[in-house]
file structure-v9.csv (CSV, C-alpha atoms)
chain,number,residue,atom,x,y,z
E,72,MET,CA,127.0,60.1,54.1
E,73,SER,CA,126.8,61.1,57.7
E,74,GLN,CA,129.8,61.7,59.9
E,75,ASN,CA,128.9,58.7,62.1
E,76,VAL,CA,129.8,55.9,59.6
E,77,TYR,CA,128.8,52.4,60.6
E,78,TYR,CA,128.0,49.1,59.0
E,79,HIS,CA,124.2,48.6,58.5
E,80,ALA,CA,121.5,47.3,56.3
E,81,THR,CA,117.9,48.4,56.6
E,82,LEU,CA,114.9,48.0,54.3
E,83,CYS,CA,111.8,50.2,54.6
E,84,LEU,CA,108.5,49.1,53.2
E,85,HIS,CA,105.0,50.6,53.2
E,86,ALA,CA,103.1,47.4,53.8
E,87,PRO,CA,100.6,45.6,56.0
E,88,LEU,CA,101.8,43.4,58.9
E,89,PHE,CA,100.0,40.1,59.5
E,90,VAL,CA,99.9,38.8,63.1
E,91,GLY,CA,98.6,35.3,63.7
E,92,LYS,CA,99.2,32.0,65.4
E,93,ASP,CA,100.8,28.8,64.1
E,94,LYS,CA,99.4,25.3,64.7
E,95,LYS,CA,101.2,25.1,68.0
E,96,GLY,CA,99.7,28.5,69.2
E,97,ARG,CA,102.9,30.5,68.7
E,98,MET,CA,102.7,34.0,67.4
E,99,THR,CA,103.6,34.5,63.8
E,100,VAL,CA,104.4,37.8,62.0
E,101,ALA,CA,104.6,38.4,58.3
E,102,VAL,CA,104.9,41.5,56.1
E,103,GLY,CA,103.0,41.8,52.8
E,104,VAL,CA,105.4,41.8,49.9
E,105,GLY,CA,103.4,42.1,46.7
E,106,ASP,CA,101.0,39.2,46.6
E,107,ASN,CA,103.1,37.2,49.1
E,108,LYS,CA,103.7,37.3,52.9
E,109,LEU,CA,107.2,37.1,54.1
E,110,PRO,CA,107.6,35.6,57.6
E,111,LEU,CA,109.7,37.8,59.9
E,112,SER,CA,111.6,37.1,63.1
E,113,VAL,CA,110.6,39.4,65.9
E,114,LYS,CA,112.3,40.3,69.2
E,115,PRO,CA,110.1,39.7,72.3
E,116,ARG,CA,109.6,43.4,73.0
E,117,LEU,CA,108.1,44.0,69.5
E,118,ALA,CA,106.2,40.7,69.6
E,119,ALA,CA,104.4,41.7,72.8
E,120,ALA,CA,103.4,45.0,71.3
E,121,LEU,CA,102.2,43.4,68.1
E,122,GLU,CA,100.2,40.8,70.0
E,123,ALA,CA,98.6,43.4,72.3
E,124,ASP,CA,97.6,45.8,69.5
E,125,PRO,CA,98.1,44.4,66.0
E,126,PRO,CA,98.3,47.1,63.4
E,127,GLN,CA,95.3,47.4,61.1
E,128,ASP,CA,96.6,49.6,58.3
E,129,VAL,CA,99.6,49.8,56.0
E,130,GLN,CA,102.7,50.6,58.1
E,131,SER,CA,106.1,52.0,57.6
E,132,VAL,CA,108.0,48.8,58.3
E,133,ILE,CA,111.7,48.9,59.0
E,134,LEU,CA,113.4,45.5,58.5
E,135,TRP,CA,116.9,44.2,59.1
E,136,PRO,CA,117.0,42.3,55.8
E,137,ARG,CA,118.7,39.1,54.7
E,138,THR,CA,118.9,37.9,51.1
E,139,ASP,CA,119.6,34.5,49.7
E,140,LYS,CA,122.3,33.7,47.1
E,141,GLU,CA,120.1,35.1,44.3
E,142,GLY,CA,119.4,38.4,46.0
E,143,LEU,CA,115.8,37.4,47.1
E,144,LEU,CA,114.6,38.8,50.4
E,145,GLY,CA,114.1,35.9,52.7
E,146,THR,CA,114.6,33.8,55.8
E,147,GLY,CA,116.2,35.6,58.7
E,148,THR,CA,114.8,39.0,57.9
E,149,GLN,CA,113.9,40.6,61.1
E,150,LEU,CA,111.3,43.3,62.1
E,151,ALA,CA,113.1,46.3,63.5
E,152,LEU,CA,110.4,48.9,63.8
E,153,TYR,CA,106.9,49.7,62.6
E,154,LYS,CA,104.8,52.8,62.8
E,155,PRO,CA,101.9,54.3,60.8
E,156,VAL,CA,103.2,55.8,57.6
E,157,ALA,CA,102.2,59.3,58.7
E,158,GLU,CA,104.4,58.9,61.9
E,159,LEU,CA,107.4,57.5,60.0
E,160,PRO,CA,107.4,59.0,56.5
E,161,ARG,CA,110.6,57.2,55.3
E,162,ALA,CA,110.8,56.4,51.6
E,163,PRO,CA,110.7,52.7,50.8
E,164,GLY,CA,113.9,51.0,49.8
E,165,LEU,CA,117.1,49.5,51.1
E,166,HIS,CA,120.0,51.5,52.5
E,167,ALA,CA,123.2,49.6,53.4
E,168,LEU,CA,126.9,50.2,54.0
E,169,GLY,CA,129.2,47.2,53.8
E,170,GLU,CA,132.4,45.8,52.4
E,171,LEU,CA,132.3,44.8,48.7
E,172,VAL,CA,133.3,41.1,48.8
E,173,LYS,CA,132.1,39.7,45.5
E,174,VAL,CA,131.0,40.7,42.0
E,175,ASP,CA,129.2,38.1,39.8
E,176,HIS,CA,128.7,39.5,36.3
E,177,GLU,CA,127.2,36.2,35.0
E,178,ASN,CA,124.4,36.3,37.6
E,179,ALA,CA,124.1,40.1,37.8
E,180,LEU,CA,124.9,40.2,41.5
E,181,LEU,CA,127.1,42.0,43.9
E,182,GLN,CA,127.7,41.0,47.5
E,183,ILE,CA,128.5,43.2,50.4
E,184,GLU,CA,129.4,42.0,53.9
E,185,ILE,CA,127.9,43.8,56.9
E,186,HIS,CA,130.5,43.7,59.7
E,187,LEU,CA,130.1,44.1,63.4
E,188,ASN,CA,130.3,47.7,64.5
E,189,PRO,CA,132.7,48.5,67.4
E,190,ASN,CA,130.9,49.1,70.7
E,191,GLN,CA,127.5,49.3,69.3
E,192,GLY,CA,124.6,47.4,67.8
E,193,GLY,CA,123.1,44.0,68.6
E,194,LEU,CA,124.5,42.1,65.6
E,195,LYS,CA,126.1,38.9,66.8
E,196,ARG,CA,128.0,38.1,63.7
E,197,SER,CA,128.7,39.6,60.3
E,198,PHE,CA,126.7,38.5,57.3
E,199,LYS,CA,126.9,38.7,53.5
E,200,MET,CA,124.1,40.2,51.4
E,201,PRO,CA,123.9,39.3,47.7
E,202,LEU,CA,122.0,42.0,45.8
E,203,VAL,CA,120.9,42.2,42.1
E,204,ALA,CA,122.5,44.8,40.0
E,205,ASN,CA,122.6,45.7,36.3
E,206,LEU,CA,125.8,45.2,34.2
E,207,GLU,CA,126.6,48.9,33.9
E,208,LEU,CA,126.5,49.3,37.7
E,209,LEU,CA,128.6,46.1,38.2
E,210,GLU,CA,131.2,47.5,35.9
E,211,SER,CA,131.4,50.8,37.8
E,212,LEU,CA,132.1,49.2,41.2
E,213,PRO,CA,135.3,49.9,43.1
E,214,GLU,CA,137.8,47.1,43.8
E,215,LEU,CA,136.9,44.2,46.1
E,216,GLY,CA,137.5,45.1,49.8
E,217,SER,CA,136.2,48.6,49.3
E,218,GLY,CA,133.5,50.2,51.4
E,219,LEU,CA,130.3,50.5,49.5
E,220,GLU,CA,127.1,52.5,50.4
E,221,VAL,CA,124.1,50.9,48.6
E,222,TRP,CA,120.6,52.1,47.8
E,223,ALA,CA,118.2,49.5,46.4
E,224,ASP,CA,114.5,48.8,45.7
E,225,LEU,CA,112.6,45.7,46.6
E,226,LYS,CA,110.9,44.3,43.4
E,227,LEU,CA,107.5,43.3,44.7
E,228,ARG,CA,106.8,40.8,41.9
E,229,THR,CA,110.0,38.8,42.3
E,230,GLY,CA,111.1,39.6,45.9
E,231,ARG,CA,114.6,40.5,44.6
E,232,VAL,CA,116.5,43.4,46.1
E,233,ALA,CA,117.8,45.4,43.1
E,234,VAL,CA,120.5,48.0,43.5
E,235,THR,CA,119.7,51.4,42.1
E,236,ARG,CA,122.8,53.4,43.2
E,237,VAL,CA,126.2,52.9,44.9
E,238,GLN,CA,128.9,55.1,46.3
E,239,ALA,CA,132.4,54.0,47.3
E,240,VAL,CA,133.1,55.1,50.9
E,241,PRO,CA,135.9,54.5,53.4
E,242,LEU,CA,135.4,51.3,55.4
E,243,PRO,CA,134.2,52.0,59.0
E,244,PRO,CA,136.1,50.3,61.8
E,245,LYS,CA,135.1,46.6,62.5
E,246,ARG,CA,134.6,45.1,65.9
E,247,VAL,CA,137.3,42.6,66.6
E,248,VAL,CA,135.8,39.4,68.0
E,249,GLU,CA,138.3,37.2,69.8
E,250,ALA,CA,138.0,33.5,69.2
E,251,THR,CA,136.9,31.6,72.3
E,252,PRO,CA,139.4,28.9,73.1
E,253,ASP,CA,138.1,25.3,72.9
E,254,PRO,CA,137.8,23.7,76.3
E,255,ALA,CA,140.5,21.1,76.8
call {"tool": "encode", "arguments": {"input": "structure-v9.csv", "output": "structure tokens"}}
result
Amino acid sequence: MSQNVYYHATLCLHAPLFVGKDKKGRMTVAVGVGDNKLPLSVKPRLAAALEADPPQDVQSVILWPRTDKEGLLGTGTQLALYKPVAELPRAPGLHALGELVKVDHENALLQIEIHLNPNQGGLKRSFKMPLVANLELLESLPELGSGLEVWADLKLRTGRVAVTRVQAVPLPPKRVVEATPDPA
């Protein structure tokens, strides 16, 4: 683990990007995941670049992933970066660092929470990320509330994010968000 420890979750895929228009003429972006296309949310800066020059080949696609309660990659996943594979030769897979908040042996899931980092990042609120894990891995986890660095693979046939390795780590500091008082 690097010296600059921070909460994060990124997923790298080597996959095609599909740029199109919906029925109302709005741009759509999806990434090829196995035989499926996963719709992505895209920041305006990247959307303009994609619209001006849509990639034609398989790309190294970096996503800010979100998973559903069953560990399936899904809605809310955002495109962070894309480059030709030769320009961004990063190995496919998920890398995340979060707080272990739940272990579900019955459904073979662990859940980490990605908190806001102090003074950095564009994340507006923390989020929980359920991930699929085998029983042996689940039984080796540290106690709830521990910091956990996670490596996982995206299973293309099912769309599930499956943990391959974990390491207990100290929790990084969290950004404290003060509650906004309700107007009287």
call {"tool": "residues_around", "arguments": {"input": "structure-v9.csv", "residues": "region 225-238 of chain E", "least_positions_apart": "6", "cutoff": "8 Å", "atoms": "only C-alpha atoms", "output": "list in words"}}
result
Val104, Gly105, Asp106, Thr138, Glu141, Gly142, Leu143, Leu144, Gly164, Leu165, Leu202, Val203, Ala204, Asn205, Leu208, Leu212 and Leu219 of chain E
call {"tool": "residues_near_point", "arguments": {"input": "structure-v9.csv", "point": "(101.9, 47.7, 60.6)", "cutoff": "8 Å", "atoms": "only C-alpha atoms", "output": "list in words"}}
result
Ala86, Pro87, Leu88, Phe89, Pro125, Pro126, Gln127, Asp128, Val129, Gln130, Ser131, Val132, Tyr153, Lys154 and Pro155 of chain E
call {"tool": "atom_distance", "arguments": {"input": "structure-v9.csv", "atom1": "CA of Pro136 (chain E)", "atom2": "CA of Val221 (chain E)"}}
result
13.3 Å
call {"tool": "closest_residue", "arguments": {"input": "structure-v9.csv", "among": "E:Leu215, E:Ala157, E:Met200, E:Leu152", "to": "Asp139 (chain E)", "atoms": "all atoms listed in the file"}}
result
E:Met200
call {"tool": "atom_distance", "arguments": {"input": "structure-v9.csv", "atom1": "CA of Lys245 (chain E)", "atom2": "CA of Ile183 (chain E)"}}
result
14.2 Å
call {"tool": "atom_distance", "arguments": {"input": "structure-v9.csv", "atom1": "CA of Val156 (chain E)", "atom2": "CA of Leu168 (chain E)"}}
result
24.6 Å
call {"tool": "residues_around", "arguments": {"input": "structure-v9.csv", "residues": "Gln191 (chain E)", "least_positions_apart": "3", "cutoff": "10 Å", "atoms": "all atoms listed in the file", "output": "list in words"}}
result
Tyr77, Leu187, Asn188, Leu194 and Arg246 of chain E
call {"tool": "closest_residue", "arguments": {"input": "structure-v9.csv", "among": "E:Asp175, E:Leu109, E:Ala118, E:Thr81", "to": "Arg97 (chain E)", "atoms": "all atoms listed in the file"}}
result
E:Ala118
call {"tool": "residues_around", "arguments": {"input": "structure-v9.csv", "residues": "Ala119 (chain E)", "least_positions_apart": "6", "cutoff": "12 Å", "atoms": "all atoms listed in the file", "output": "PDB file with C-alpha atoms, in the frame of the given file"}}
result
ATOM      1  CA  VAL E  90      99.900  38.800  63.100  1.00  0.00           C
ATOM      2  CA  MET E  98     102.700  34.000  67.400  1.00  0.00           C
ATOM      3  CA  THR E  99     103.600  34.500  63.800  1.00  0.00           C
ATOM      4  CA  VAL E 100     104.400  37.800  62.000  1.00  0.00           C
ATOM      5  CA  VAL E 113     110.600  39.400  65.900  1.00  0.00           C
ATOM      6  CA  PRO E 125      98.100  44.400  66.000  1.00  0.00           C
TER       7      PRO E 125
END
call {"tool": "closest_residue", "arguments": {"input": "structure-v9.csv", "among": "E:Gly216, E:Ala80, E:Lys92, E:Thr148", "to": "Pro110 (chain E)", "atoms": "all atoms listed in the file"}}
result
E:Thr148
call {"tool": "closest_residue", "arguments": {"input": "structure-v9.csv", "among": "E:Ala101, E:Leu159, E:Leu209, E:Leu82", "to": "Leu171 (chain E)", "atoms": "all atoms listed in the file"}}
result
E:Leu209
call {"tool": "closest_residue", "arguments": {"input": "structure-v9.csv", "among": "E:Pro163, E:Gly145, E:Pro115, E:Gly103", "to": "Ile133 (chain E)", "atoms": "all atoms listed in the file"}}
result
E:Pro163
call {"tool": "closest_residue", "arguments": {"input": "structure-v9.csv", "among": "E:Lys199, E:Leu150, E:Ser217, E:Ile185", "to": "Leu84 (chain E)", "atoms": "only C-alpha atoms"}}
result
E:Leu150
call {"tool": "decode", "arguments": {"input": "structure-v9.csv", "residues": "region 95-195 of chain E", "atoms": "C-alpha atoms", "output": "mmCIF file, in the first residue's frame"}}
result
data_model
loop_
_atom_site.group_PDB
_atom_site.id
_atom_site.type_symbol
_atom_site.label_atom_id
_atom_site.label_comp_id
_atom_site.auth_asym_id
_atom_site.auth_seq_id
_atom_site.Cartn_x
_atom_site.Cartn_y
_atom_site.Cartn_z
ATOM 1 C CA LYS E 95 -34.592 12.367 -27.051
ATOM 2 C CA GLY E 96 -31.247 13.011 -28.760
ATOM 3 C CA ARG E 97 -29.174 12.933 -25.559
ATOM 4 C CA MET E 98 -25.774 11.296 -25.674
ATOM 5 C CA THR E 99 -25.474 7.837 -24.120
ATOM 6 C CA VAL E 100 -22.313 5.983 -23.172
ATOM 7 C CA ALA E 101 -22.023 2.294 -22.304
ATOM 8 C CA VAL E 102 -19.142 -0.081 -21.741
ATOM 9 C CA GLY E 103 -19.104 -3.633 -23.080
ATOM 10 C CA VAL E 104 -19.252 -6.129 -20.218
ATOM 11 C CA GLY E 105 -19.270 -9.626 -21.667
ATOM 12 C CA ASP E 106 -22.308 -9.844 -23.953
ATOM 13 C CA ASN E 107 -23.965 -6.858 -22.253
ATOM 14 C CA LYS E 108 -23.630 -3.100 -22.353
ATOM 15 C CA LEU E 109 -23.521 -1.282 -19.017
ATOM 16 C CA PRO E 110 -24.792 2.319 -19.211
ATOM 17 C CA LEU E 111 -22.387 4.786 -17.619
ATOM 18 C CA SER E 112 -22.764 8.242 -16.221
ATOM 19 C CA VAL E 113 -20.227 10.653 -17.707
ATOM 20 C CA LYS E 114 -18.999 14.080 -16.603
ATOM 21 C CA PRO E 115 -19.499 16.839 -19.215
ATOM 22 C CA ARG E 116 -15.753 17.143 -19.984
ATOM 23 C CA LEU E 117 -15.479 13.460 -20.905
ATOM 24 C CA ALA E 118 -18.834 13.514 -22.685
ATOM 25 C CA ALA E 119 -17.621 16.284 -24.998
ATOM 26 C CA ALA E 120 -14.426 14.362 -25.806
ATOM 27 C CA LEU E 121 -16.369 11.148 -26.472
ATOM 28 C CA GLU E 122 -18.885 12.921 -28.692
ATOM 29 C CA ALA E 123 -16.162 14.697 -30.682
ATOM 30 C CA ASP E 124 -14.043 11.587 -31.204
ATOM 31 C CA PRO E 125 -15.703 8.289 -30.173
ATOM 32 C CA PRO E 126 -13.130 5.530 -29.586
ATOM 33 C CA GLN E 127 -13.183 2.764 -32.176
ATOM 34 C CA ASP E 128 -11.079 0.103 -30.456
ATOM 35 C CA VAL E 129 -10.971 -1.681 -27.119
ATOM 36 C CA GLN E 130 -9.936 0.805 -24.443
ATOM 37 C CA SER E 131 -8.469 0.711 -20.952
ATOM 38 C CA VAL E 132 -11.580 1.992 -19.218
ATOM 39 C CA ILE E 133 -11.325 3.245 -15.644
ATOM 40 C CA LEU E 134 -14.659 3.316 -13.817
ATOM 41 C CA TRP E 135 -15.810 4.611 -10.467
ATOM 42 C CA PRO E 136 -17.964 1.556 -9.784
ATOM 43 C CA ARG E 137 -21.164 1.060 -7.867
ATOM 44 C CA THR E 138 -22.624 -2.349 -7.053
ATOM 45 C CA ASP E 139 -26.107 -3.396 -6.057
ATOM 46 C CA LYS E 140 -26.988 -5.379 -2.923
ATOM 47 C CA GLU E 141 -25.941 -8.637 -4.651
ATOM 48 C CA GLY E 142 -22.514 -7.387 -5.749
ATOM 49 C CA LEU E 143 -23.561 -6.782 -9.373
ATOM 50 C CA LEU E 144 -21.912 -3.894 -11.198
ATOM 51 C CA GLY E 145 -24.694 -1.480 -11.945
ATOM 52 C CA THR E 146 -26.477 1.834 -11.965
ATOM 53 C CA GLY E 147 -24.435 4.806 -10.887
ATOM 54 C CA THR E 148 -21.155 3.480 -12.265
ATOM 55 C CA GLN E 149 -19.281 6.430 -13.726
ATOM 56 C CA LEU E 150 -16.651 6.689 -16.444
ATOM 57 C CA ALA E 151 -13.498 8.208 -14.939
ATOM 58 C CA LEU E 152 -10.989 7.813 -17.786
ATOM 59 C CA TYR E 153 -10.399 5.958 -21.040
ATOM 60 C CA LYS E 154 -7.294 5.517 -23.177
ATOM 61 C CA PRO E 155 -6.084 3.000 -25.751
ATOM 62 C CA VAL E 156 -4.777 -0.081 -23.931
ATOM 63 C CA ALA E 157 -1.210 0.619 -25.129
ATOM 64 C CA GLU E 158 -1.323 4.080 -23.480
ATOM 65 C CA LEU E 159 -2.797 2.854 -20.188
ATOM 66 C CA PRO E 160 -1.567 -0.716 -19.679
ATOM 67 C CA ARG E 161 -3.293 -1.224 -16.332
ATOM 68 C CA ALA E 162 -4.390 -4.753 -15.437
ATOM 69 C CA PRO E 163 -8.173 -5.289 -15.391
ATOM 70 C CA GLY E 164 -9.833 -5.536 -11.995
ATOM 71 C CA LEU E 165 -11.138 -3.614 -9.014
ATOM 72 C CA HIS E 166 -8.960 -1.986 -6.392
ATOM 73 C CA ALA E 167 -10.628 -0.363 -3.405
ATOM 74 C CA LEU E 168 -9.919 0.791 0.101
ATOM 75 C CA GLY E 169 -12.785 1.217 2.510
ATOM 76 C CA GLU E 170 -14.180 0.411 5.910
ATOM 77 C CA LEU E 171 -15.513 -3.115 6.401
ATOM 78 C CA VAL E 172 -19.135 -2.582 7.475
ATOM 79 C CA LYS E 173 -20.876 -5.906 6.848
ATOM 80 C CA VAL E 174 -20.142 -9.605 6.342
ATOM 81 C CA ASP E 175 -22.961 -11.791 5.019
ATOM 82 C CA HIS E 176 -21.919 -15.466 5.078
ATOM 83 C CA GLU E 177 -25.325 -16.678 3.878
ATOM 84 C CA ASN E 178 -25.155 -14.671 0.634
ATOM 85 C CA ALA E 179 -21.346 -14.792 0.271
ATOM 86 C CA LEU E 180 -20.948 -11.010 0.427
ATOM 87 C CA LEU E 181 -18.807 -8.482 2.191
ATOM 88 C CA GLN E 182 -19.558 -4.782 2.192
ATOM 89 C CA ILE E 183 -17.139 -1.896 2.410
ATOM 90 C CA GLU E 184 -17.940 1.775 2.784
ATOM 91 C CA ILE E 185 -15.992 4.300 0.765
ATOM 92 C CA HIS E 186 -15.850 7.453 2.874
ATOM 93 C CA LEU E 187 -15.107 11.023 1.815
ATOM 94 C CA ASN E 188 -11.411 11.892 1.832
ATOM 95 C CA PRO E 189 -10.352 15.049 3.685
ATOM 96 C CA ASN E 190 -9.559 17.970 1.370
ATOM 97 C CA GLN E 191 -9.559 15.945 -1.834
ATOM 98 C CA GLY E 192 -11.721 14.219 -4.380
ATOM 99 C CA GLY E 193 -15.048 14.995 -5.936
ATOM 100 C CA LEU E 194 -17.111 12.444 -4.032
ATOM 101 C CA LYS E 195 -20.181 14.156 -2.586
#
